[in-house]
$ cat work12.txt   # compact mmCIF, C-alpha atoms and all ligand atoms
# COMPACT_ATOMS: atom_id res chain seq x y z
CA MET A 846 6.29 -0.36 26.05
CA PRO A 847 4.46 2.94 26.29
CA ASP A 848 1.83 3.87 23.72
CA SER A 849 4.20 6.45 22.36
CA MET A 850 6.23 3.64 20.78
CA SER A 851 3.44 2.96 18.29
CA ASP A 852 3.25 4.44 14.80
CA SER A 853 2.04 7.83 15.84
CA PRO A 854 1.25 9.67 19.02
CA THR A 855 -2.15 8.11 19.47
CA THR A 856 -4.19 6.29 22.04
CA THR A 857 -3.47 2.66 21.39
CA THR A 858 -5.52 -0.40 22.19
CA GLN A 859 -4.46 -3.94 21.46
CA VAL A 860 -7.05 -5.77 19.37
CA ALA A 861 -7.50 -9.28 20.60
CA ALA A 862 -8.96 -10.60 17.36
CA GLY A 863 -6.81 -8.56 15.01
CA THR A 864 -5.10 -9.81 11.93
CA GLY A 865 -1.74 -9.91 13.61
CA ASP A 866 0.23 -6.71 13.68
CA GLU A 867 -2.41 -4.08 13.78
CA LEU A 868 -2.91 -1.91 16.75
CA VAL A 869 -6.16 -0.02 16.86
CA THR A 870 -5.16 3.59 17.08
CA THR A 871 -7.41 6.45 17.91
CA PRO A 872 -5.71 9.55 16.54
CA THR A 873 -5.41 12.41 18.95
CA ALA A 874 -6.14 15.88 17.63
CA SER A 875 -2.52 16.73 16.86
CA ALA A 876 -1.44 13.31 15.64
CA PRO A 877 -0.34 13.23 12.02
CA LYS A 878 -0.60 9.82 10.37
CA ARG A 879 2.98 8.55 10.07
CA PRO A 880 2.90 4.93 8.96
CA GLY A 881 5.93 3.16 10.38
CA GLY A 882 7.44 6.36 11.74
CA SER A 883 9.01 8.96 9.49
CA HIS A 884 9.36 7.71 5.90
CA GLY A 885 8.24 4.22 6.78
CA VAL A 886 11.31 3.54 8.90
CA VAL A 887 10.64 1.01 11.67
CA PHE A 888 14.17 0.66 13.06
CA ARG A 889 17.06 3.06 12.84
CA ALA A 890 20.46 1.99 14.20
CA THR A 891 22.89 4.87 14.71
CA ASP A 892 26.58 4.30 15.52
CA LEU A 893 25.68 1.01 17.12
CA ASP A 894 28.44 -0.87 18.93
CA PHE A 895 27.76 -4.12 20.74
CA TYR A 896 29.92 -5.87 23.32
CA TYR A 897 29.94 -9.33 24.89
CA GLY A 898 31.86 -8.46 28.04
CA LYS A 899 34.99 -6.65 26.79
CA ALA A 900 34.82 -8.17 23.32
CA ARG A 901 33.33 -5.93 20.71
CA ALA A 902 31.04 -7.85 18.33
CA LEU A 903 29.68 -4.94 16.26
CA LYS A 904 31.16 -1.53 15.45
CA ASP A 905 29.52 1.58 14.04
CA VAL A 906 26.44 0.02 12.51
CA ASN A 907 24.21 2.58 10.80
CA VAL A 908 21.13 1.24 9.05
CA GLU A 909 17.41 1.76 8.64
CA ILE A 910 14.84 -1.01 8.38
CA HIS A 911 11.67 -0.22 6.53
CA ARG A 912 8.10 -1.08 7.20
CA HIS A 913 6.40 -3.91 5.31
CA GLU A 914 9.64 -4.93 3.68
CA ILE A 915 11.84 -7.97 4.00
CA THR A 916 15.39 -6.99 4.94
CA ALA A 917 18.04 -9.69 4.57
CA LEU A 918 21.16 -9.69 6.73
CA ILE A 919 24.00 -11.54 5.02
CA GLY A 920 27.71 -12.03 5.64
CA PRO A 921 30.31 -14.56 6.74
CA SER A 922 30.03 -16.59 9.92
CA GLY A 923 30.84 -14.62 13.06
CA CYS A 924 30.29 -11.17 11.53
CA GLY A 925 27.49 -10.36 13.99
CA LYS A 926 24.30 -10.94 12.02
CA SER A 927 22.56 -12.80 14.84
CA THR A 928 23.91 -10.32 17.37
CA PHE A 929 22.47 -7.42 15.37
CA LEU A 930 19.15 -9.22 14.92
CA ARG A 931 18.91 -9.81 18.68
CA CYS A 932 19.66 -6.11 19.30
CA LEU A 933 16.42 -5.31 17.47
CA ASN A 934 14.21 -6.97 20.08
CA ARG A 935 16.52 -6.65 23.07
CA MET A 936 17.00 -10.38 23.16
CA ASN A 937 20.68 -9.78 23.99
CA ASP A 938 19.54 -8.26 27.30
CA LEU A 939 19.07 -11.86 28.42
CA ILE A 940 22.81 -12.56 28.00
CA PRO A 941 24.77 -11.35 31.06
CA GLY A 942 27.60 -8.88 30.49
CA THR A 943 26.39 -7.54 27.16
CA ARG A 944 26.35 -3.84 26.33
CA VAL A 945 24.90 -1.67 23.60
CA ASP A 946 26.50 1.66 22.68
CA GLY A 947 24.95 4.06 20.21
CA ARG A 948 21.25 4.03 19.54
CA ILE A 949 18.50 1.90 18.09
CA GLU A 950 15.19 3.61 17.47
CA PHE A 951 11.96 1.74 17.03
CA HIS A 952 9.38 4.08 15.52
CA ASP A 953 11.64 7.03 16.32
CA GLN A 954 11.93 6.12 20.01
CA ASP A 955 14.99 4.88 21.82
CA LEU A 956 14.48 1.13 22.10
CA TYR A 957 16.96 0.98 24.99
CA ALA A 958 15.46 3.86 27.02
CA SER A 959 15.06 2.99 30.68
CA ASP A 960 11.26 3.23 30.61
CA ILE A 961 10.87 0.70 27.80
CA ASP A 962 9.53 -2.68 28.88
CA SER A 963 11.77 -5.25 27.19
CA VAL A 964 9.16 -8.01 27.61
CA ASP A 965 6.65 -5.94 25.66
CA VAL A 966 9.33 -5.18 23.07
CA ARG A 967 9.76 -8.91 22.53
CA ARG A 968 6.02 -9.36 22.06
CA ARG A 969 5.84 -6.62 19.44
CA ILE A 970 9.04 -7.78 17.78
CA GLY A 971 8.83 -11.57 17.55
CA MET A 972 11.57 -14.02 16.71
CA VAL A 973 11.86 -17.28 14.81
CA PHE A 974 15.04 -19.30 15.27
CA GLN A 975 17.25 -21.45 13.08
CA LYS A 976 16.10 -24.73 14.54
CA PRO A 977 12.33 -25.16 14.87
CA ASN A 978 11.73 -25.04 18.63
CA PRO A 979 8.08 -25.81 19.38
CA PHE A 980 7.18 -26.39 23.02
CA PRO A 981 6.81 -30.09 23.96
CA LYS A 982 3.06 -29.66 23.90
CA SER A 983 0.19 -30.01 21.48
CA ILE A 984 -0.08 -27.85 18.37
CA LYS A 985 -2.92 -25.90 19.95
CA GLU A 986 -1.11 -25.38 23.24
CA ASN A 987 1.91 -24.02 21.38
CA LEU A 988 -0.32 -21.17 20.24
CA ASN A 989 -2.47 -20.84 23.37
CA PHE A 990 0.44 -20.24 25.70
CA GLY A 991 1.75 -16.97 24.28
CA MET A 992 -1.76 -15.69 23.68
CA LYS A 993 -2.77 -16.26 27.30
CA VAL A 994 0.43 -14.70 28.64
CA ASN A 995 -0.33 -11.64 26.52
CA GLY A 996 -3.98 -11.40 27.51
CA ILE A 997 -5.32 -12.62 24.17
CA LYS A 998 -8.16 -15.13 24.43
CA PRO A 999 -7.20 -18.22 22.42
CA THR A 1000 -10.55 -18.89 20.77
CA ALA A 1001 -10.94 -21.58 18.09
CA GLU A 1002 -11.41 -18.84 15.49
CA ARG A 1003 -8.17 -17.15 16.47
CA ILE A 1004 -6.22 -20.42 16.44
CA GLU A 1005 -7.56 -21.13 12.96
CA ALA A 1006 -6.76 -17.62 11.72
CA VAL A 1007 -3.18 -17.81 12.98
CA LEU A 1008 -2.60 -21.27 11.48
CA ARG A 1009 -4.07 -20.11 8.17
CA LYS A 1010 -1.71 -17.14 8.15
CA ALA A 1011 1.19 -19.50 8.69
CA SER A 1012 -0.07 -21.69 5.81
CA LEU A 1013 -0.40 -24.63 8.16
CA TRP A 1014 -4.13 -24.93 8.78
CA ASP A 1015 -4.95 -27.47 6.08
CA GLU A 1016 -2.19 -29.78 7.28
CA VAL A 1017 -3.04 -29.70 11.00
CA LYS A 1018 -6.75 -28.84 11.34
CA ASP A 1019 -7.63 -32.44 12.26
CA LYS A 1020 -4.84 -32.91 14.80
CA LEU A 1021 -4.64 -29.75 16.85
CA ASP A 1022 -4.35 -31.78 20.06
CA GLN A 1023 -1.44 -33.84 18.80
CA ASP A 1024 2.13 -33.32 19.93
CA ALA A 1025 3.92 -30.59 17.96
CA PHE A 1026 7.00 -32.85 17.76
CA ALA A 1027 5.01 -35.21 15.52
CA LEU A 1028 5.10 -32.56 12.77
CA SER A 1029 7.80 -32.48 10.08
CA GLY A 1030 10.64 -29.97 10.43
CA GLY A 1031 9.06 -27.62 7.89
CA GLN A 1032 5.69 -27.87 9.61
CA GLN A 1033 7.32 -27.27 13.01
CA GLN A 1034 8.97 -24.14 11.63
CA ARG A 1035 5.64 -22.89 10.28
CA LEU A 1036 4.14 -23.63 13.72
CA CYS A 1037 6.89 -21.50 15.27
CA ILE A 1038 6.02 -18.72 12.82
CA ALA A 1039 2.34 -19.17 13.80
CA ARG A 1040 3.37 -18.96 17.46
CA ALA A 1041 5.25 -15.73 16.75
CA ILE A 1042 2.23 -14.28 14.91
CA ALA A 1043 -0.22 -15.42 17.61
CA VAL A 1044 0.85 -12.67 20.00
CA GLU A 1045 0.17 -10.02 17.36
CA PRO A 1046 3.62 -8.60 16.76
CA GLU A 1047 4.42 -6.02 14.13
CA VAL A 1048 7.92 -7.22 13.32
CA ILE A 1049 9.16 -10.78 12.81
CA LEU A 1050 12.88 -11.44 13.13
CA MET A 1051 14.08 -14.69 11.58
CA ASP A 1052 17.54 -16.13 12.19
CA GLU A 1053 18.31 -18.58 9.38
CA PRO A 1054 14.76 -19.96 9.53
CA CYS A 1055 15.27 -22.37 6.64
CA SER A 1056 18.73 -23.72 7.36
CA ALA A 1057 17.34 -26.95 8.83
CA LEU A 1058 14.79 -27.44 6.06
CA ASP A 1059 14.71 -29.19 2.69
CA PRO A 1060 14.29 -27.13 -0.51
CA ILE A 1061 10.51 -27.66 -0.70
CA SER A 1062 9.92 -26.53 2.90
CA THR A 1063 12.34 -23.66 2.30
CA LEU A 1064 10.28 -22.44 -0.64
CA ALA A 1065 7.10 -22.84 1.45
CA ILE A 1066 8.59 -20.56 4.13
CA GLU A 1067 9.71 -18.06 1.47
CA ASP A 1068 6.19 -18.00 -0.01
CA LEU A 1069 4.88 -17.48 3.49
CA MET A 1070 7.26 -14.57 4.07
CA ASN A 1071 6.02 -12.95 0.88
CA GLU A 1072 2.46 -13.16 2.19
CA LEU A 1073 3.31 -12.05 5.73
CA VAL A 1074 5.22 -8.97 4.63
CA THR A 1075 1.97 -7.29 3.60
CA GLN A 1076 1.14 -7.16 7.32
CA TYR A 1077 4.47 -7.37 9.08
CA THR A 1078 8.01 -6.09 8.80
CA ILE A 1079 10.45 -8.96 8.40
CA VAL A 1080 14.19 -9.12 9.03
CA ILE A 1081 15.86 -12.38 8.04
CA VAL A 1082 19.41 -13.63 8.53
CA THR A 1083 20.41 -16.05 5.81
CA HIS A 1084 23.53 -17.72 4.45
CA ASN A 1085 21.63 -18.57 1.31
CA MET A 1086 22.43 -15.89 -1.27
CA GLN A 1087 19.67 -17.07 -3.60
CA GLN A 1088 17.21 -16.81 -0.76
CA ALA A 1089 18.28 -13.26 0.08
CA ALA A 1090 18.01 -12.31 -3.60
CA ARG A 1091 14.62 -14.05 -3.98
CA VAL A 1092 12.77 -12.78 -0.95
CA SER A 1093 14.26 -9.55 0.30
CA HIS A 1094 13.63 -5.95 -0.70
CA ARG A 1095 16.79 -4.67 0.96
CA THR A 1096 19.99 -6.40 1.92
CA ALA A 1097 22.56 -5.50 4.56
CA PHE A 1098 25.99 -7.07 4.11
CA PHE A 1099 28.01 -7.47 7.31
CA THR A 1100 31.64 -8.48 7.37
CA VAL A 1101 34.46 -8.95 9.87
CA ALA A 1102 36.95 -6.14 10.47
CA GLY A 1103 39.50 -4.90 13.02
CA MET A 1104 42.03 -7.71 12.54
CA ASP A 1105 44.83 -5.22 11.78
CA GLN A 1106 44.43 -3.89 15.35
CA GLY A 1107 44.27 -7.38 16.83
CA GLU A 1108 40.50 -7.19 17.17
CA ARG A 1109 37.71 -8.94 15.39
CA TYR A 1110 34.30 -7.35 15.15
CA GLY A 1111 31.43 -7.09 12.70
CA VAL A 1112 30.80 -4.03 10.55
CA LEU A 1113 28.06 -3.23 8.11
CA ALA A 1114 29.96 -2.96 4.84
CA GLU A 1115 27.05 -2.04 2.61
CA HIS A 1116 23.29 -1.98 2.53
CA GLY A 1117 20.66 -1.02 0.02
CA ASP A 1118 18.20 -2.38 -2.51
CA THR A 1119 18.68 -6.10 -2.87
CA GLU A 1120 18.86 -5.91 -6.63
CA LYS A 1121 21.66 -3.37 -6.49
CA ILE A 1122 23.60 -5.26 -3.81
CA PHE A 1123 23.50 -8.41 -5.92
CA THR A 1124 24.08 -6.85 -9.33
CA ALA A 1125 26.20 -3.75 -8.75
CA PRO A 1126 27.56 -3.64 -5.19
CA ALA A 1127 29.55 -0.52 -4.35
CA ASP A 1128 31.96 -2.24 -1.95
CA LYS A 1129 34.58 -4.74 -3.11
CA ARG A 1130 34.00 -6.82 0.04
CA THR A 1131 30.36 -7.27 -0.94
CA GLN A 1132 31.38 -8.18 -4.48
CA ASP A 1133 33.85 -10.79 -3.21
CA TYR A 1134 31.29 -12.28 -0.84
CA ILE A 1135 28.36 -12.55 -3.23
CA THR A 1136 30.54 -14.04 -5.94
CA GLY A 1137 31.79 -16.64 -3.48
CA ARG A 1138 35.38 -15.44 -3.22
CA PHE A 1139 35.12 -14.97 0.52
CA GLY A 1140 33.14 -16.39 3.43
N1 LIG A 1201 26.53 -15.33 23.78
C1 LIG A 1201 27.73 -14.92 23.34
N2 LIG A 1201 28.73 -14.68 24.20
C2 LIG A 1201 29.94 -14.23 23.77
N3 LIG A 1201 30.24 -14.00 22.48
C3 LIG A 1201 29.29 -14.22 21.58
C4 LIG A 1201 27.98 -14.70 21.94
N4 LIG A 1201 27.23 -14.83 20.82
C5 LIG A 1201 28.04 -14.46 19.81
N5 LIG A 1201 29.26 -14.10 20.25
C6 LIG A 1201 30.40 -13.63 19.43
O1 LIG A 1201 30.00 -12.49 18.68
C7 LIG A 1201 30.50 -12.55 17.36
C8 LIG A 1201 29.32 -12.48 16.39
O2 LIG A 1201 28.53 -13.66 16.54
P1 LIG A 1201 27.14 -13.87 15.82
O3 LIG A 1201 26.56 -15.13 16.36
O4 LIG A 1201 26.34 -12.64 15.94
O5 LIG A 1201 27.61 -14.04 14.31
P2 LIG A 1201 26.79 -14.50 13.03
O6 LIG A 1201 27.12 -13.53 11.94
O7 LIG A 1201 25.36 -14.69 13.38
O8 LIG A 1201 27.47 -15.90 12.68
P3 LIG A 1201 26.81 -17.21 12.03
O9 LIG A 1201 26.64 -16.91 10.58
O10 LIG A 1201 27.88 -18.27 12.26
O11 LIG A 1201 25.54 -17.51 12.75
C9 LIG A 1201 31.30 -13.84 17.26
O12 LIG A 1201 32.64 -13.53 17.45
C10 LIG A 1201 30.78 -14.68 18.41
O13 LIG A 1201 31.75 -15.54 18.90
MG MG A 1202 24.10 -16.34 13.44
$ encode --input "work12.txt" --output "structure tokens"
Amino acid sequence: MPDSMSDSPTTTTQVAAGTGDELVTTPTASAPKRPGGSHGVVFRATDLDFYYGKARALKDVNVEIHRHEITALIGPSGCGKSTFLRCLNRMNDLIPGTRVDGRIEFHDQDLYASDIDSVDVRRRIGMVFQKPNPFPKSIKENLNFGMKVNGIKPTAERIEAVLRKASLWDEVKDKLDQDAFALSGGQQQRLCIARAIAVEPEVILMDEPCSALDPISTLAIEDLMNELVTQYTIVIVTHNMQQAARVSHRTAFFTVAGMDQGERYGVLAEHGDTEKIFTAPADKRTQDYITGRFG
């Protein structure tokens, strides 16, 4: 991704030993400081449609995602939450036959412009999946790999810093060379979060990161999200309404539409402050969903 995709038009250097998301920026003479793009917006989707082959999965999605906030994506199964999440780091590019119409901006720049390097996009916008998926390697190697690929030297200090950020250090500091599969599910998920952080992203996308975890591990991940959001922007898909209400600043409610024309695609019914969405939603579909009458 070109330098121009960073916060402001500056000369940008990746810091190897940084705290995670920061890019060292050297302001150029004319560069105003615009944290997170205009008004703190990191992503802006405009009239976004998404297709798997001929089948439309998302229609007319318009939403902004704000810097250093947790945005929750909620809605019934099949409404396109994961699809939308994967649009944000161009992960869908890896699925043949997919197509994006409309526009997604990342820091005011077209994320799908032809000169954007999708591999670099996926480093800056990391992803954590539903099922913990560590590599079949040691804890340390799980972190080393991505660092090396991205030109970051995996020093002992950096490994420790990343594991501390993922609230895992105390549990694994004496067994860094042990197989990651020997960790519990909750620990594996925190290792996957550590692995995502290790390559110094600025956004972390999480697709139902707690759905395979028990309530204690779930709360540990939620606490971790609350800490991470001071440095990162987080977008989380969740089916757990309490979780969305507990952790997120803003909520986007997707639902399924188009059935009257023989189609079936996801639309964004409503989005806004989480408190408002859960206490006084404007759309009846949101009301029905959050009160458990649908989905
Ligand atoms: N790789 C794919 N190829 C073709 N169609 C897909 C693919 N992935 C998802 N879809 C379709 O796109 C639509 C949206 O799916 P998506 O997985 O985004 O929904 P979701 O809201 O994340 O659902 P869930 O809550 O069950 O995870 C569904 O109709 C699904 O069948
Ligand atoms: Mg999904």
$ closest_residue --input "work12.txt" --among "A:Phe951, A:Ala1089, A:Ala1125, A:Gln1034" --to "Phe974 in chain A" --atoms "all atoms listed in the file"
A:Gln1034
$ residues_near_ligand --input "work12.txt" --ligand "ligand MG 1202 (chain A)" --cutoff "7 Å" --atoms "all atoms listed in the file" --output "MDAnalysis selection string"
chainID A and resid 922:923 925:927 1052
$ residues_near_ligand --input "work12.txt" --ligand "ligand LIG 1201 (chain A)" --cutoff "9 Å" --atoms "all atoms listed in the file" --output "VMD selection string"
chain A and resid 895 to 898 900 to 903 918 to 931 937 940 to 943 1052 to 1053 1082 to 1084 1099 to 1101 1109 to 1111
$ residues_near_point --input "work12.txt" --point "(8.9, 0.1, 10.8)" --cutoff "8 Å" --atoms "only C-alpha atoms" --output "MDAnalysis selection string"
chainID A and resid 880:882 885:888 910:913 951:952 1048 1078
$ closest_residue --input "work12.txt" --among "A:Asp894, A:Leu1069, A:Ile961, A:Ile1049" --to "Arg944 in chain A" --atoms "all atoms listed in the file"
A:Asp894
$ atom_distance --input "work12.txt" --atom1 "CA of Ala1043 in chain A" --atom2 "CA of Lys1018 in chain A"
16.2 Å
$ closest_residue --input "work12.txt" --among "A:Ala1025, A:Leu1050, A:Leu1008, A:Leu1013" --to "Leu933 in chain A" --atoms "only C-alpha atoms"
A:Leu1050
$ residues_near_point --input "work12.txt" --point "(24.1, 5.7, 15.4)" --cutoff "12 Å" --atoms "only C-alpha atoms" --output "JSON list (two decimals) with C-alpha atoms, keeping the file's coordinate frame"
[["chain", "number", "residue", "atom", "x", "y", "z"],
["A", 888, "PHE", "CA", 14.17, 0.66, 13.06],
["A", 889, "ARG", "CA", 17.06, 3.06, 12.84],
["A", 890, "ALA", "CA", 20.46, 1.99, 14.20],
["A", 891, "THR", "CA", 22.89, 4.87, 14.71],
["A", 892, "ASP", "CA", 26.58, 4.30, 15.52],
["A", 893, "LEU", "CA", 25.68, 1.01, 17.12],
["A", 894, "ASP", "CA", 28.44, -0.87, 18.93],
["A", 895, "PHE", "CA", 27.76, -4.12, 20.74],
["A", 904, "LYS", "CA", 31.16, -1.53, 15.45],
["A", 905, "ASP", "CA", 29.52, 1.58, 14.04],
["A", 906, "VAL", "CA", 26.44, 0.02, 12.51],
["A", 907, "ASN", "CA", 24.21, 2.58, 10.80],
["A", 908, "VAL", "CA", 21.13, 1.24, 9.05],
["A", 909, "GLU", "CA", 17.41, 1.76, 8.64],
["A", 945, "VAL", "CA", 24.90, -1.67, 23.60],
["A", 946, "ASP", "CA", 26.50, 1.66, 22.68],
["A", 947, "GLY", "CA", 24.95, 4.06, 20.21],
["A", 948, "ARG", "CA", 21.25, 4.03, 19.54],
["A", 949, "ILE", "CA", 18.50, 1.90, 18.09],
["A", 950, "GLU", "CA", 15.19, 3.61, 17.47],
["A", 955, "ASP", "CA", 14.99, 4.88, 21.82]]
$ residues_around --input "work12.txt" --residues "Thr1000 in chain A" --least-positions-apart "3" --cutoff "12 Å" --atoms "only C-alpha atoms" --output "VMD selection string"
chain A and resid 861 to 862 985 to 986 988 to 989 992 to 993 997 1003 to 1007 1043
$ closest_residue --input "work12.txt" --among "A:Asp1015, A:Glu1108, A:Glu914, A:Asp1133" --to "Thr1075 in chain A" --atoms "all atoms listed in the file"
A:Glu914
$ atom_distance --input "work12.txt" --atom1 "CA of Val1092 in chain A" --atom2 "CA of Lys1129 in chain A"
23.3 Å
$ residues_around --input "work12.txt" --residues "Thr1136 in chain A" --least-positions-apart "3" --cutoff "12 Å" --atoms "only C-alpha atoms" --output "MDAnalysis selection string"
chainID A and resid 1086:1087 1122:1126 1129:1133 1139:1140
$ write_last_selection --input "work12.txt" --atoms "C-alpha atoms" --output "mmCIF file, keeping the file's coordinate frame"
data_model
loop_
_atom_site.group_PDB
_atom_site.id
_atom_site.type_symbol
_atom_site.label_atom_id
_atom_site.label_comp_id
_atom_site.auth_asym_id
_atom_site.auth_seq_id
_atom_site.Cartn_x
_atom_site.Cartn_y
_atom_site.Cartn_z
ATOM 1 C CA MET A 1086 22.430 -15.890 -1.270
ATOM 2 C CA GLN A 1087 19.670 -17.070 -3.600
ATOM 3 C CA ILE A 1122 23.600 -5.260 -3.810
ATOM 4 C CA PHE A 1123 23.500 -8.410 -5.920
ATOM 5 C CA THR A 1124 24.080 -6.850 -9.330
ATOM 6 C CA ALA A 1125 26.200 -3.750 -8.750
ATOM 7 C CA PRO A 1126 27.560 -3.640 -5.190
ATOM 8 C CA LYS A 1129 34.580 -4.740 -3.110
ATOM 9 C CA ARG A 1130 34.000 -6.820 0.040
ATOM 10 C CA THR A 1131 30.360 -7.270 -0.940
ATOM 11 C CA GLN A 1132 31.380 -8.180 -4.480
ATOM 12 C CA ASP A 1133 33.850 -10.790 -3.210
ATOM 13 C CA PHE A 1139 35.120 -14.970 0.520
ATOM 14 C CA GLY A 1140 33.140 -16.390 3.430
#
$ atom_distance --input "work12.txt" --atom1 "CA of Val1017 in chain A" --atom2 "CA of Ser1062 in chain A"
15.6 Å
$ closest_residue --input "work12.txt" --among "A:Ala1011, A:Asp1118, A:Pro1046, A:Arg1091" --to "Ile1066 in chain A" --atoms "all atoms listed in the file"
A:Ala1011
$ residues_around --input "work12.txt" --residues "Pro981 in chain A" --least-positions-apart "3" --cutoff "10 Å" --atoms "all atoms listed in the file" --output "PyMOL selection string"
chain A and resi 978+984+986-987+1024-1026
$ closest_residue --input "work12.txt" --among "A:Ala1039, A:Val1044, A:Ala1027, A:Glu1016" --to "Arg967 in chain A" --atoms "all atoms listed in the file"
A:Val1044
